[in-house]
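*Asks:* So I've got this file, work.cif, and it contains mmCIF, C-alpha atoms and all ligand atoms:
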```
data_upload
loop_
_atom_site.label_atom_id
_atom_site.label_comp_id
_atom_site.auth_asym_id
_atom_site.auth_seq_id
_atom_site.Cartn_x
_atom_site.Cartn_y
_atom_site.Cartn_z
CA MET A 1 -31.75 -2.37 3.04
CA ALA A 2 -29.59 -2.44 -0.10
CA LEU A 3 -25.91 -2.65 -0.94
CA LEU A 4 -24.54 -0.64 -3.85
CA ILE A 5 -21.34 -1.88 -5.49
CA LYS A 6 -19.00 0.39 -7.43
CA ALA A 7 -16.40 -2.16 -8.35
CA GLY A 8 -12.68 -1.49 -8.67
CA ARG A 9 -10.42 -3.93 -10.52
CA ASP A 10 -12.57 -6.93 -9.62
CA PRO A 11 -15.92 -6.78 -11.45
CA ALA A 12 -19.16 -6.29 -9.50
CA GLU A 13 -20.36 -9.78 -10.35
CA ASN A 14 -17.51 -11.22 -8.29
CA TRP A 15 -18.56 -9.14 -5.28
CA ILE A 16 -22.18 -10.20 -5.74
CA LYS A 17 -21.20 -13.86 -5.89
CA ALA A 18 -18.93 -13.62 -2.86
CA ILE A 19 -21.47 -11.72 -0.73
CA ALA A 20 -24.44 -13.86 -1.80
CA ALA A 21 -22.66 -16.91 -0.41
CA ASP A 22 -23.14 -15.44 3.09
CA LEU A 23 -26.08 -13.06 2.65
CA PRO A 24 -28.22 -14.58 -0.13
CA GLU A 25 -31.24 -12.37 0.59
CA LEU A 26 -29.37 -9.04 0.41
CA ASP A 27 -30.58 -6.57 -2.23
CA MET A 28 -27.40 -5.81 -4.26
CA ARG A 29 -27.20 -3.11 -6.90
CA VAL A 30 -24.42 -2.18 -9.27
CA TRP A 31 -23.32 1.39 -9.83
CA PRO A 32 -24.60 3.53 -11.54
CA ASP A 33 -28.00 1.78 -11.18
CA ALA A 34 -28.52 2.76 -7.56
CA GLY A 35 -32.34 2.66 -7.71
CA ASP A 36 -34.07 4.44 -4.81
CA ARG A 37 -31.11 6.06 -3.02
CA ALA A 38 -32.97 6.12 0.29
CA GLU A 39 -32.87 2.30 0.34
CA VAL A 40 -29.08 2.10 -0.01
CA GLU A 41 -27.47 1.51 3.39
CA PHE A 42 -24.07 0.13 2.34
CA ILE A 43 -21.70 1.06 -0.45
CA ILE A 44 -18.61 -0.78 -1.63
CA ALA A 45 -16.30 1.62 -3.52
CA ASN A 46 -12.96 3.36 -3.38
CA GLN A 47 -14.17 6.57 -4.93
CA MET A 48 -17.21 8.15 -6.56
CA PRO A 49 -17.81 11.35 -8.49
CA PRO A 50 -17.64 14.35 -6.13
CA GLY A 51 -20.80 14.81 -4.09
CA GLU A 52 -22.25 11.35 -4.87
CA PHE A 53 -21.87 9.81 -1.41
CA ALA A 54 -23.81 12.74 0.06
CA SER A 55 -26.83 11.81 -2.08
CA PHE A 56 -27.53 8.61 -0.11
CA PRO A 57 -29.48 9.76 2.97
CA ASN A 58 -29.47 6.45 4.91
CA LEU A 59 -25.90 5.20 4.53
CA LYS A 60 -24.63 3.07 7.41
CA PHE A 61 -21.11 2.66 6.02
CA VAL A 62 -18.90 2.78 2.94
CA ALA A 63 -16.57 -0.22 2.59
CA SER A 64 -13.38 0.66 0.76
CA THR A 65 -12.23 -1.65 -2.01
CA SER A 66 -8.65 -0.45 -1.65
CA ALA A 67 -6.34 -0.42 1.36
CA GLY A 68 -5.65 3.28 0.83
CA VAL A 69 -8.67 5.42 1.72
CA ASP A 70 -7.14 8.72 0.57
CA ARG A 71 -9.45 8.94 -2.46
CA LEU A 72 -12.50 8.67 -0.18
CA LEU A 73 -11.15 11.11 2.38
CA ASN A 74 -10.17 13.61 -0.31
CA ASP A 75 -13.86 13.97 -1.33
CA PRO A 76 -14.86 17.20 0.45
CA ASP A 77 -18.53 16.16 0.25
CA PHE A 78 -18.06 12.76 1.90
CA PRO A 79 -20.67 12.76 4.70
CA ALA A 80 -18.88 13.32 8.01
CA HIS A 81 -21.17 10.95 9.93
CA VAL A 82 -20.70 7.96 7.59
CA PRO A 83 -17.98 5.52 8.73
CA ILE A 84 -15.51 4.05 6.26
CA ILE A 85 -14.66 0.37 6.66
CA ARG A 86 -11.07 -0.62 5.93
CA SER A 87 -10.39 -3.09 3.17
CA ILE A 88 -8.86 -6.24 4.62
CA ASN A 89 -7.85 -8.62 1.89
CA THR A 90 -5.61 -11.65 2.33
CA GLN A 91 -4.81 -11.79 -1.40
CA ARG A 92 -3.65 -8.17 -1.35
CA THR A 93 -1.41 -8.76 1.65
CA ALA A 94 0.17 -11.85 0.08
CA THR A 95 0.73 -10.31 -3.36
CA MET A 96 2.15 -7.12 -1.84
CA CYS A 97 4.50 -9.09 0.37
CA ALA A 98 5.72 -11.08 -2.66
CA TRP A 99 6.38 -7.84 -4.61
CA VAL A 100 8.35 -6.42 -1.68
CA CYS A 101 10.45 -9.56 -1.29
CA TYR A 102 11.14 -9.62 -5.04
CA GLN A 103 12.42 -6.02 -4.92
CA VAL A 104 14.48 -6.45 -1.75
CA ILE A 105 16.05 -9.74 -2.79
CA GLY A 106 16.55 -8.57 -6.39
CA HIS A 107 18.58 -5.61 -5.14
CA HIS A 108 20.48 -7.49 -2.43
CA ARG A 109 21.35 -10.45 -4.70
CA ARG A 110 21.98 -8.27 -7.77
CA PHE A 111 19.65 -10.07 -10.15
CA ALA A 112 19.74 -7.13 -12.59
CA ALA A 113 23.53 -7.56 -12.94
CA TYR A 114 23.03 -11.27 -13.74
CA ARG A 115 20.54 -10.35 -16.47
CA GLN A 116 23.22 -8.08 -17.92
CA ASN A 117 25.91 -10.77 -17.66
CA GLN A 118 23.82 -13.42 -19.39
CA PRO A 119 24.09 -12.25 -23.03
CA ASN A 120 27.85 -11.87 -22.52
CA LYS A 121 28.05 -15.49 -21.24
CA ILE A 122 29.76 -14.36 -18.04
CA TRP A 123 29.89 -17.08 -15.36
CA GLU A 124 30.59 -15.18 -12.17
CA PHE A 125 29.68 -15.63 -8.51
CA MET A 126 29.04 -12.12 -7.26
CA ARG A 127 29.55 -11.96 -3.53
CA TYR A 128 26.68 -10.63 -1.45
CA ALA A 129 26.33 -9.78 2.23
CA PRO A 130 24.70 -12.33 4.54
CA PRO A 131 21.08 -11.23 4.95
CA ASP A 132 21.50 -10.62 8.68
CA GLU A 133 24.03 -7.93 7.74
CA VAL A 134 21.49 -6.12 5.54
CA ALA A 135 19.43 -3.67 7.60
CA ILE A 136 15.92 -3.25 6.28
CA GLY A 137 13.69 -0.44 7.51
CA VAL A 138 9.99 -0.99 7.00
CA MET A 139 7.99 2.26 7.13
CA GLY A 140 4.46 1.43 8.26
CA LEU A 141 3.84 -1.65 10.38
CA GLY A 142 0.16 -2.18 9.61
CA THR A 143 -1.47 -5.05 7.76
CA LEU A 144 0.94 -4.83 4.82
CA GLY A 145 4.10 -3.50 6.47
CA GLY A 146 3.77 -5.86 9.44
CA THR A 147 3.47 -8.87 7.14
CA ALA A 148 6.41 -7.77 5.00
CA ALA A 149 8.55 -7.11 8.08
CA ARG A 150 7.87 -10.57 9.51
CA THR A 151 8.44 -12.26 6.14
CA LEU A 152 11.77 -10.46 5.58
CA LYS A 153 12.79 -11.39 9.13
CA GLY A 154 11.99 -15.00 8.20
CA LEU A 155 14.44 -14.62 5.30
CA MET A 156 17.10 -13.72 7.89
CA TYR A 157 17.29 -9.98 7.17
CA ASP A 158 18.03 -7.53 9.98
CA VAL A 159 14.59 -5.89 10.09
CA ALA A 160 13.43 -2.74 11.85
CA GLY A 161 10.09 -0.99 11.51
CA TRP A 162 8.72 2.49 11.99
CA SER A 163 5.11 3.37 12.80
CA ARG A 164 3.08 6.19 14.33
CA SER A 165 2.42 4.44 17.64
CA PRO A 166 4.99 2.28 19.48
CA LYS A 167 4.92 -1.46 18.76
CA THR A 168 6.53 -4.67 19.93
CA MET A 169 7.27 -7.32 17.30
CA ASP A 170 9.24 -10.48 17.81
CA GLY A 171 12.81 -10.09 16.50
CA ILE A 172 12.06 -6.71 14.86
CA LYS A 173 13.44 -3.43 16.17
CA CYS A 174 10.49 -1.09 16.43
CA PHE A 175 10.81 2.69 16.11
CA ALA A 176 7.87 5.10 16.38
CA GLY A 177 6.99 8.71 15.73
CA ALA A 178 8.83 11.70 14.33
CA ASP A 179 11.36 11.67 17.20
CA GLN A 180 12.72 8.25 16.22
CA LEU A 181 12.66 8.70 12.44
CA ALA A 182 16.28 9.86 12.16
CA ALA A 183 17.64 6.89 14.14
CA PHE A 184 15.48 4.51 12.11
CA LEU A 185 16.67 5.95 8.78
CA ALA A 186 20.32 6.02 9.83
CA ARG A 187 20.35 2.20 10.27
CA SER A 188 18.43 1.30 7.08
CA ASP A 189 20.33 -0.07 4.09
CA ILE A 190 17.02 -0.73 2.36
CA ILE A 191 13.85 1.26 3.04
CA VAL A 192 10.55 -0.50 2.35
CA ALA A 193 7.70 2.01 2.58
CA MET A 194 4.10 0.94 3.08
CA LEU A 195 2.62 4.08 4.58
CA PRO A 196 -0.81 5.58 3.85
CA GLY A 197 -1.10 8.86 1.94
CA THR A 198 -1.81 11.44 4.63
CA ALA A 199 -0.78 15.02 5.37
CA GLU A 200 1.83 13.68 7.82
CA THR A 201 3.44 11.30 5.34
CA THR A 202 3.65 13.82 2.48
CA ASN A 203 7.26 14.38 1.39
CA LEU A 204 8.50 12.55 4.46
CA LEU A 205 11.36 11.27 2.31
CA ASN A 206 12.89 14.56 1.20
CA ARG A 207 16.36 16.07 0.73
CA GLU A 208 17.07 16.13 4.49
CA THR A 209 15.70 12.71 5.40
CA LEU A 210 17.21 10.95 2.37
CA ALA A 211 20.57 12.35 3.48
CA LEU A 212 20.13 10.54 6.83
CA LEU A 213 20.17 7.14 5.10
CA PRO A 214 23.53 5.35 4.87
CA ALA A 215 25.39 5.95 1.60
CA GLY A 216 24.28 3.38 -0.97
CA ALA A 217 20.83 2.87 0.55
CA TYR A 218 18.01 1.56 -1.65
CA ILE A 219 14.37 2.71 -1.59
CA VAL A 220 11.33 0.51 -2.15
CA ASN A 221 7.96 2.32 -2.12
CA CYS A 222 4.62 0.62 -2.62
CA GLY A 223 2.54 2.66 -0.15
CA ARG A 224 1.66 6.01 -1.67
CA GLY A 225 3.57 8.34 -3.99
CA ASN A 226 3.02 11.35 -1.74
CA LEU A 227 5.79 9.98 0.54
CA ILE A 228 8.72 10.90 -1.68
CA ASP A 229 9.95 14.28 -2.88
CA GLU A 230 10.68 12.89 -6.34
CA ASP A 231 13.15 15.65 -7.33
CA ALA A 232 15.09 15.04 -4.12
CA LEU A 233 15.22 11.29 -4.82
CA ILE A 234 16.53 11.85 -8.35
CA GLU A 235 19.13 14.25 -7.02
CA ALA A 236 20.21 11.78 -4.30
CA MET A 237 20.55 8.97 -6.88
CA ASP A 238 22.42 11.18 -9.33
CA ARG A 239 25.00 12.16 -6.74
CA GLY A 240 25.45 8.50 -5.75
CA HIS A 241 24.06 8.70 -2.22
CA ILE A 242 21.03 6.51 -3.02
CA ALA A 243 21.80 3.33 -4.99
CA GLY A 244 18.39 3.15 -6.64
CA ALA A 245 14.68 2.79 -6.12
CA ALA A 246 11.92 0.29 -6.83
CA LEU A 247 8.71 2.25 -7.15
CA ASP A 248 5.08 1.25 -7.58
CA VAL A 249 3.41 4.53 -6.64
CA TYR A 250 4.01 8.12 -7.74
CA LYS A 251 2.95 11.67 -7.01
CA THR A 252 0.98 11.72 -10.28
CA GLU A 253 -0.59 8.52 -11.64
CA PRO A 254 -0.40 7.49 -14.39
CA LEU A 255 3.17 8.76 -14.40
CA PRO A 256 3.45 11.58 -17.00
CA GLU A 257 5.35 10.62 -20.16
CA ASP A 258 8.00 13.28 -19.58
CA HIS A 259 8.75 12.15 -16.02
CA PRO A 260 12.49 11.45 -15.50
CA PHE A 261 11.74 8.16 -13.65
CA TRP A 262 10.80 6.45 -16.94
CA SER A 263 14.36 6.56 -18.25
CA HIS A 264 16.38 6.72 -15.03
CA PRO A 265 18.85 3.80 -14.98
CA LEU A 266 18.53 3.39 -11.19
CA VAL A 267 14.73 3.26 -11.06
CA ALA A 268 12.76 0.01 -11.37
CA MET A 269 9.10 0.79 -11.91
CA THR A 270 5.73 -0.94 -11.85
CA PRO A 271 2.47 0.96 -12.52
CA HIS A 272 0.61 0.72 -9.16
CA TYR A 273 0.71 -3.01 -9.66
CA SER A 274 2.39 -4.32 -6.52
CA SER A 275 -0.71 -5.93 -5.06
CA ASN A 276 -4.18 -6.99 -5.98
CA GLY A 277 -7.07 -8.15 -3.86
CA GLY A 278 -10.17 -9.72 -5.38
CA ALA A 279 -13.68 -9.79 -3.90
CA ARG A 280 -13.38 -13.42 -2.80
CA HIS A 281 -10.53 -12.54 -0.42
CA GLY A 282 -11.92 -9.21 0.80
CA VAL A 283 -15.56 -9.94 1.39
CA GLY A 284 -15.24 -10.99 5.05
CA VAL A 285 -15.03 -7.53 6.58
CA VAL A 286 -18.02 -6.31 4.52
CA VAL A 287 -20.27 -9.23 5.47
CA GLU A 288 -19.23 -8.98 9.13
CA ASN A 289 -20.14 -5.29 9.24
CA ILE A 290 -23.52 -5.78 7.55
CA ARG A 291 -24.25 -8.41 10.19
CA ARG A 292 -23.17 -5.97 12.91
CA VAL A 293 -25.50 -3.26 11.59
CA ARG A 294 -28.38 -5.73 11.56
CA ALA A 295 -27.58 -6.83 15.13
CA GLY A 296 -27.21 -3.24 16.34
CA GLN A 297 -23.55 -3.84 17.21
CA PRO A 298 -20.65 -1.40 16.75
CA LEU A 299 -18.82 -1.58 13.41
CA ALA A 300 -15.41 -3.27 13.14
CA ASP A 301 -12.28 -2.11 11.28
CA VAL A 302 -13.38 1.49 10.94
CA VAL A 303 -10.99 4.05 9.39
CA ASP A 304 -9.79 6.84 11.68
CA LYS A 305 -10.77 9.75 9.44
CA LEU A 306 -8.77 12.24 11.49
CA ALA A 307 -5.54 10.20 11.20
CA GLY A 308 -6.32 9.61 7.50
CA TYR A 309 -6.02 5.82 7.44
P1 LIG A 401 -2.56 0.04 7.84
O1 LIG A 401 -2.82 -1.34 8.32
O2 LIG A 401 -3.54 1.11 8.15
O3 LIG A 401 -1.12 0.46 8.36
C1 LIG A 401 -0.59 1.74 8.20
C2 LIG A 401 0.71 1.82 8.95
O4 LIG A 401 1.31 3.08 8.68
C3 LIG A 401 0.54 1.71 10.47
O5 LIG A 401 1.58 0.95 11.03
C4 LIG A 401 0.63 3.17 10.91
O6 LIG A 401 1.12 3.35 12.24
C5 LIG A 401 1.65 3.69 9.94
N1 LIG A 401 1.57 5.14 9.83
C6 LIG A 401 0.54 5.91 9.40
N2 LIG A 401 0.84 7.21 9.47
C7 LIG A 401 2.09 7.28 9.98
C8 LIG A 401 2.95 8.33 10.29
N3 LIG A 401 2.59 9.61 10.11
N4 LIG A 401 4.16 8.05 10.80
C9 LIG A 401 4.55 6.76 11.00
N5 LIG A 401 3.77 5.71 10.72
C10 LIG A 401 2.55 5.96 10.20
O7 LIG A 401 -2.42 0.06 6.25
P2 LIG A 401 -1.99 -1.12 5.29
O8 LIG A 401 -3.17 -1.97 4.97
O9 LIG A 401 -0.77 -1.78 5.81
O10 LIG A 401 -1.63 -0.29 3.96
C11 LIG A 401 -0.67 0.76 4.00
C12 LIG A 401 -0.83 1.64 2.79
O11 LIG A 401 -0.34 0.98 1.64
C13 LIG A 401 -2.28 1.97 2.43
O12 LIG A 401 -2.74 3.09 3.19
C14 LIG A 401 -2.21 2.29 0.97
O13 LIG A 401 -2.05 3.67 0.76
C15 LIG A 401 -0.96 1.54 0.50
N6 LIG A 401 -1.31 0.47 -0.44
C16 LIG A 401 -0.79 0.50 -1.70
C17 LIG A 401 -1.10 -0.50 -2.60
C18 LIG A 401 -0.54 -0.54 -3.98
O14 LIG A 401 -1.09 -1.20 -4.84
N7 LIG A 401 0.58 0.11 -4.22
C19 LIG A 401 -1.95 -1.54 -2.21
C20 LIG A 401 -2.44 -1.54 -0.94
C21 LIG A 401 -2.12 -0.53 -0.05
P3 LIG A 401 0.27 2.78 13.51
O15 LIG A 401 0.45 1.29 13.45
O16 LIG A 401 0.94 3.38 14.66
O17 LIG A 401 -1.16 3.20 13.29
#
```
Go through the file and emit its structure as structure tokens.
Ligand code: NAP

*Replies:*
Amino acid sequence: MALLIKAGRDPAENWIKAIAADLPELDMRVWPDAGDRAEVEFIIANQMPPGEFASFPNLKFVASTSAGVDRLLNDPDFPAHVPIIRSINTQRTATMCAWVCYQVIGHHRRFAAYRQNQPNKIWEFMRYAPPDEVAIGVMGLGTLGGTAARTLKGLMYDVAGWSRSPKTMDGIKCFAGADQLAAFLARSDIIVAMLPGTAETTNLLNRETLALLPAGAYIVNCGRGNLIDEDALIEAMDRGHIAGAALDVYKTEPLPEDHPFWSHPLVAMTPHYSSNGGARHGVGVVVENIRRVRAGQPLADVVDKLAGY
């Protein structure tokens, strides 16, 4: 019984240290030194070269190192019978939530305008709406979106959320499914998108849906870049319907040098940087599932491959 680690941003030694604290006897190997592939029962990774996963005949699960599992699901050779375990990482949730709040508050309170005023020594109180008059629409009410929605509510914003299945959340207006998307968009001054990259979410924000937002709406996207028809967003900003966008994810990453977002005055960009989750804060779900395999119990926090997240 061995675990193979193909580390992401956090080096493999951090995963080994974090796992050894709970499972000191576990045989841990670091990619690409997999050893005898028949002995590998668990893999930690968010992607591998095409066809690689299929070369481990006794895999019990693959634990994703990233919250998005699109890279794993896009591997046509990923073995159909092998479950994928979701990444659950408290550090990622907290850092993502902080990035979202920074973008929402920065737009609402006009921090960029203050940065412009500063060199001109302008002392000016710019009026801003009370937060409970700013309608925020959170797309995706999962681990990340749910946390951001509750945190923004705690900052007194008027928060609504949209998800695939209906939800009830204290003080948050919950919309669900394609039927309620138009009503949800129509009441959102600021969209905060934390949706997975799936077939259903691709180009969900397009010419037609962007037009449903109130004039002057602002877009924050830190889920996946597939969500936005980027040409439609640029067009909507250029004609003044959308006030701007804070983006962390893009259709093509890294963003090509000739992409118009780089120099667009209404776009604030970070390079897929909004959150980070190290091994120490994400190890729990991996250890728990190894224990479950050993005890012959069903796995926990398994990705729904059909839904794509
Ligand atoms: P999650 O817990 O799986 O939540 C996903 C949410 O999206 C759920 O509320 C789900 O609805 C909703 N959803 C999925 N498909 C939908 C659809 N077609 N229509 C409406 N709602 C839909 O995921 P998470 O951990 O919050 O992460 C969300 C995504 O953020 C990840 O998949 C990843 O792509 C992205 N992400 C990006 C970064 C970054 O660095 N930029 C970091 C981490 C994650 P239900 O609740 O009804 O299932």

*Asks:* Which one of A:Arg71, A:His241, A:Arg37, A:Lys60 sits closest to ligand LIG 401 (chain A) if you count all atoms listed in the file?

*Replies:*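 Smallest separation from ligand LIG 401 (chain A) among the options: A:Arg71.
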
*Asks:* By how many Å are atom P2 of ligand LIG 401 (chain A) and CA of Pro11 (chain A) apart?

*Replies:*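 Distance reported for this atom pair: 22.5 Å.
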
*Asks:* To one decimal place in Å, what is the distance between atom C4 of ligand LIG 401 (chain A) and CA of Ile85 (chain A)?

*Replies:* 16.1 Å

*Asks:* Neighbours of ligand LIG 401 (chain A) at 6 Å or closer, counting all atoms listed in the file: which residues, as an MDAnalysis selection string?

*Replies:* chainID A and resid 67:68 140:145 163:165 177 194:197 200:201 222:224 248:249 272:275 309

*Asks:* Rank A:Ala236, A:Gly106, A:Ala2, A:Arg9 by their smallest atom-to-atom distance to Phe56 (chain A), using all atoms listed in the file, and report the top residue only.

*Replies:*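 Looking only at the distances to Phe56 (chain A), the closest residue turns out to be A:Ala2.
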
*Asks:* Given the point (31.7, -13.6, -8.0) in the coordinates of this file, which residues lie within 12 Å, counting only C-alpha atoms, and how would they look as a ChimeraX atom specification?

*Replies:* /A:109-110,113-114,117,122-128
